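Enquirer: My structure is stored as model.txt, with compact mmCIF, C-alpha atoms.
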# COMPACT_ATOMS: atom_id res chain seq x y z
CA MET A 1 -5.47 14.98 -23.68
CA THR A 2 -7.01 16.64 -20.66
CA LEU A 3 -7.77 14.48 -17.67
CA ASN A 4 -11.48 13.74 -17.24
CA PRO A 5 -12.90 15.66 -14.22
CA LYS A 6 -14.41 12.53 -12.64
CA LEU A 7 -11.11 10.67 -13.04
CA THR A 8 -9.22 13.69 -11.67
CA LYS A 9 -11.37 13.62 -8.54
CA LEU A 10 -10.83 9.90 -8.08
CA LEU A 11 -7.07 10.14 -8.67
CA ASN A 12 -6.91 12.85 -6.03
CA GLU A 13 -8.81 10.53 -3.69
CA GLN A 14 -6.28 7.82 -4.48
CA ILE A 15 -3.41 10.12 -3.53
CA ASN A 16 -5.14 10.42 -0.15
CA ASN A 17 -5.75 6.66 -0.01
CA GLU A 18 -2.07 5.95 -0.60
CA LEU A 19 -0.95 8.54 1.96
CA SER A 20 -3.46 7.08 4.42
CA SER A 21 -2.09 3.63 3.74
CA SER A 22 1.43 4.92 4.38
CA TYR A 23 0.22 6.35 7.68
CA VAL A 24 -1.43 3.03 8.62
CA TYR A 25 1.84 1.20 8.00
CA LEU A 26 3.77 3.80 9.96
CA ALA A 27 1.42 3.20 12.91
CA MET A 28 2.05 -0.53 12.58
CA ALA A 29 5.81 0.08 12.54
CA ALA A 30 5.47 2.26 15.63
CA TRP A 31 3.54 -0.51 17.42
CA PHE A 32 6.28 -3.01 16.58
CA GLU A 33 8.91 -0.55 17.85
CA GLN A 34 7.41 -1.07 21.32
CA THR A 35 7.91 -4.85 21.06
CA PRO A 36 10.99 -7.07 20.68
CA TYR A 37 10.17 -7.35 16.95
CA SER A 38 12.46 -4.78 15.31
CA GLY A 39 12.45 -6.74 12.02
CA PHE A 40 8.67 -6.48 11.73
CA ALA A 41 8.99 -2.77 12.56
CA GLN A 42 11.43 -2.37 9.67
CA TRP A 43 9.11 -4.36 7.37
CA MET A 44 6.21 -2.03 8.14
CA PHE A 45 8.39 1.05 7.85
CA THR A 46 9.52 -0.10 4.40
CA GLN A 47 5.89 -0.67 3.47
CA SER A 48 5.02 2.83 4.67
CA ARG A 49 7.69 4.30 2.40
CA GLU A 50 6.40 2.30 -0.56
CA GLU A 51 2.86 3.57 -0.04
CA ASN A 52 4.20 7.11 0.16
CA MET A 53 6.00 6.57 -3.16
CA HIS A 54 2.74 5.31 -4.65
CA ALA A 55 1.01 8.51 -3.53
CA LEU A 56 3.78 10.54 -5.17
CA LYS A 57 3.41 8.55 -8.38
CA PHE A 58 -0.30 9.40 -8.51
CA TYR A 59 0.49 13.01 -7.59
CA GLN A 60 3.00 13.33 -10.44
CA TYR A 61 0.59 11.70 -12.87
CA VAL A 62 -2.15 14.22 -12.05
CA VAL A 63 0.36 17.08 -12.41
CA ASP A 64 1.70 15.67 -15.69
CA ARG A 65 -1.85 15.51 -17.05
CA ASP A 66 -2.24 19.24 -16.24
CA ALA A 67 -4.92 18.62 -13.64
CA LYS A 68 -5.20 20.09 -10.17
CA VAL A 69 -3.94 18.15 -7.16
CA GLU A 70 -6.24 18.57 -4.16
CA LEU A 71 -4.90 17.06 -0.95
CA GLN A 72 -7.29 15.99 1.78
CA PRO A 73 -6.86 15.32 5.51
CA ILE A 74 -5.55 11.92 6.57
CA ALA A 75 -7.45 10.04 9.25
CA LYS A 76 -5.76 8.81 12.41
CA PRO A 77 -4.79 5.17 11.92
CA LYS A 78 -5.39 2.25 14.26
CA ALA A 79 -2.33 2.09 16.49
CA ASP A 80 -3.05 -0.67 18.99
CA PHE A 81 -2.63 -4.31 18.10
CA LYS A 82 -2.50 -7.60 20.01
CA THR A 83 0.09 -9.72 18.20
CA PRO A 84 2.24 -9.75 15.06
CA LEU A 85 -0.46 -11.93 13.47
CA ASP A 86 -3.07 -9.27 14.28
CA VAL A 87 -0.93 -6.59 12.61
CA PHE A 88 -0.43 -8.62 9.45
CA GLU A 89 -4.14 -9.48 9.28
CA HIS A 90 -4.84 -5.73 9.31
CA SER A 91 -2.12 -5.27 6.70
CA LEU A 92 -3.80 -7.75 4.34
CA LYS A 93 -7.16 -5.99 4.78
CA GLN A 94 -5.43 -2.68 3.99
CA GLU A 95 -3.89 -4.09 0.80
CA GLN A 96 -7.19 -5.61 -0.31
CA LYS A 97 -8.90 -2.27 0.25
CA VAL A 98 -6.31 -0.47 -1.89
CA THR A 99 -6.62 -3.12 -4.60
CA GLN A 100 -10.37 -2.53 -4.73
CA GLN A 101 -9.84 1.25 -4.91
CA ILE A 102 -7.51 0.85 -7.87
CA ASN A 103 -9.88 -1.60 -9.57
CA ASP A 104 -12.63 1.00 -9.22
CA LEU A 105 -10.34 3.66 -10.70
CA PHE A 106 -9.51 1.37 -13.62
CA GLU A 107 -13.22 0.89 -14.36
CA VAL A 108 -13.73 4.66 -14.52
CA ALA A 109 -10.66 5.05 -16.77
CA GLU A 110 -12.21 2.45 -19.08
CA GLN A 111 -15.58 4.23 -19.05
CA VAL A 112 -14.03 7.56 -20.06
CA LYS A 113 -11.65 5.84 -22.53
CA ASP A 114 -8.50 7.20 -20.87
CA HIS A 115 -5.91 4.68 -22.00
CA ALA A 116 -2.97 6.50 -20.42
CA SER A 117 -4.64 6.26 -17.03
CA LYS A 118 -5.44 2.60 -17.64
CA ASN A 119 -1.74 2.01 -18.31
CA LEU A 120 -0.77 3.66 -15.02
CA LEU A 121 -3.44 1.73 -13.15
CA LEU A 122 -2.36 -1.61 -14.64
CA TRP A 123 1.07 -1.03 -13.10
CA PHE A 124 -0.62 -0.46 -9.74
CA LEU A 125 -2.83 -3.53 -10.09
CA ASN A 126 0.24 -5.68 -10.71
CA GLU A 127 1.94 -4.04 -7.73
CA GLN A 128 -1.08 -4.81 -5.56
CA MET A 129 -1.00 -8.48 -6.54
CA GLU A 130 2.63 -8.60 -5.35
CA GLU A 131 1.86 -6.76 -2.14
CA GLU A 132 -1.12 -8.93 -1.24
CA LYS A 133 0.96 -12.06 -1.90
CA THR A 134 3.82 -10.81 0.27
CA VAL A 135 1.47 -10.15 3.18
CA ARG A 136 -0.41 -13.44 2.71
CA ASP A 137 2.90 -15.34 2.69
CA MET A 138 3.93 -13.71 5.98
CA LEU A 139 0.48 -14.38 7.46
CA ASP A 140 0.73 -18.05 6.56
CA ARG A 141 4.14 -18.27 8.21
CA LEU A 142 2.94 -16.43 11.32
CA LYS A 143 0.00 -18.83 11.63
CA LEU A 144 2.41 -21.74 11.34
CA ALA A 145 4.69 -20.22 14.02
CA GLY A 146 1.79 -19.71 16.39
CA ASN A 147 3.01 -18.44 19.76
CA ASP A 148 6.43 -20.09 19.54
CA PRO A 149 8.92 -17.33 20.50
CA ALA A 150 11.84 -18.87 18.61
CA SER A 151 9.81 -19.16 15.40
CA LEU A 152 8.51 -15.60 15.75
CA LEU A 153 12.05 -14.29 16.21
CA VAL A 154 13.19 -16.14 13.06
CA LEU A 155 10.32 -14.57 11.09
CA ASP A 156 11.12 -11.19 12.63
CA ARG A 157 14.74 -11.44 11.49
CA GLU A 158 13.64 -12.40 7.98
CA ALA A 159 11.10 -9.56 7.91
CA GLY A 160 13.84 -7.09 8.81
CA SER A 161 15.86 -8.13 5.76
CA ARG A 162 12.94 -7.63 3.35
CA LYS A 163 13.77 -5.64 0.27
CA SER A 164 11.38 -3.16 -1.22
CA VAL A 165 9.13 -4.95 -3.72
CA GLY A 166 7.99 -1.97 -5.70
CA GLY A 167 7.98 1.47 -4.22
CA GLY A 168 7.30 3.07 -7.56
CA GLY A 169 10.73 4.46 -8.33
CA ALA A 170 11.42 5.66 -11.85
CA ASP A 171 13.91 2.83 -12.35
CA GLU A 172 11.09 0.29 -12.17
CA GLY A 173 9.63 1.25 -15.52
CA ALA A 174 6.43 2.65 -14.09
CA ALA A 175 4.62 5.56 -15.64
CA ALA A 176 5.50 8.33 -13.26
With the file now loaded, output its structure as structure tokens.

Expert:
Amino acid sequence: MTLNPKLTKLLNEQINNELSSSYVYLAMAAWFEQTPYSGFAQWMFTQSREENMHALKFYQYVVDRDAKVELQPIAKPKADFKTPLDVFEHSLKQEQKVTQQINDLFEVAEQVKDHASKNLLLWFLNEQMEEEKTVRDMLDRLKLAGNDPASLLVLDREAGSRKSVGGGGADEGAAA
């Protein structure tokens, strides 16, 4: 089944959205690299890699459906933050934005009755629920820590040991 042209356009936009998200997280990691918070830097770097893998998953899907991939420019991300809390607040907004983009894609896939695309997008919606929860959990802990340096360093250490929650590798059972 050939990929619907409207869905093809939107999937190409989502490749860009995921690459942009990766770039946003890389900018956050770079900001943390200039602070004592190397664990938060690693957390954001890991997140950047996951977003890149998501882009590649969409890329491969478009290719597998015999449609044309059309890459677009990536905007310069925000790179200046005030505190770790500020960074994670921006991270949550980023995840919520991506969730909405994928919800919109799912609606189009439903409209054009493309069940294969709906299957792919369901995987992403589940992934987004996990990602939003992970960020919200860290935000809650950062709010609890406030400006206490010892608490922030404990959270930083924990953040640095974070494992990837779903980068989209083939071993995760996703439709790649």

Enquirer: Considering all atoms listed in the file, can you say which of A:His54, A:Arg49, A:Arg65, A:Lys78 comes closest to A:Trp31?

Expert: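 Result for the nearest residue to A:Trp31: A:Lys78.
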
Enquirer: Between atom CA of A:Pro5 and atom CA of A:Val63, what is the distance in Å, rounded to a tenth?

Expert: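 Pair atom CA of A:Pro5 / atom CA of A:Val63 returns 13.5 Å.
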
Enquirer: Take atom CA of A:Lys133 and atom CA of A:Leu92 and report the distance between them in Å, one decimal.

Expert: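 Interatomic distance here is 9.0 Å.
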
Enquirer: Please provide the set of residues having any atom within 10 Å of A:Phe88, restricted to all atoms listed in the file, with same-chain residues fewer than 6 positions apart removed, written as a ChimeraX atom specification.

Expert: /A:28,40,44,81,94,135-136,138-140,142

Enquirer: Excluding same-chain residues fewer than 5 positions from stretch 159-161 of chain A, what lies within 8 Å of it counting only C-alpha atoms, as a ChimeraX atom specification?

Expert: /A:38-43

Enquirer: Keeping only C-alpha atoms, write the selected residues to a file as a PDB file, in the coordinates of the input.

Expert:
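part14.pdb, written as the output of this step:
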ATOM      1  CA  SER A  38      12.460  -4.780  15.310  1.00  0.00           C
ATOM      2  CA  GLY A  39      12.450  -6.740  12.020  1.00  0.00           C
ATOM      3  CA  PHE A  40       8.670  -6.480  11.730  1.00  0.00           C
ATOM      4  CA  ALA A  41       8.990  -2.770  12.560  1.00  0.00           C
ATOM      5  CA  GLN A  42      11.430  -2.370   9.670  1.00  0.00           C
ATOM      6  CA  TRP A  43       9.110  -4.360   7.370  1.00  0.00           C
TER       7      TRP A  43
END

Enquirer: Closest to A:Met129 among A:Gln72, A:Gln111, A:Ser117, A:Gln96, using all atoms listed in the file?

Expert: A:Gln96

Enquirer: Which of these residues is nearest to A:Leu120, using all atoms listed in the file: A:Thr134, A:Gln60, A:Gln34, A:Ser22?

Expert: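 Of A:Thr134, A:Gln60, A:Gln34, A:Ser22, the one nearest A:Leu120 is A:Gln60, counting all atoms listed in the file.
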
Enquirer: As a list in words, please: the residues near A:Gln100 (cut-off 12 Å, all atoms listed in the file, same-chain neighbours under 3 positions excluded).

Expert: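 Non-adjacent residues within range: Gln14, Asn17, Lys93, Gln94, Glu95, Gln96, Lys97, Asn103, Asp104, Leu105, Phe106, Glu107, Leu121, Phe124, Leu125, Gln128, Met129 and Glu132 of chain A.
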
Enquirer: Can you tell me how far atom CA of A:Arg141 sits from atom CA of A:Phe45, in Å to one decimal?

Expert: 19.8 Å

Enquirer: Can you work out which one of A:Leu144, A:Val87, A:Val112, A:Leu7 has the shortest atom-to-atom distance to A:Tyr37, counting all atoms listed in the file?

Expert: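 Smallest separation from A:Tyr37 among the options: A:Val87.
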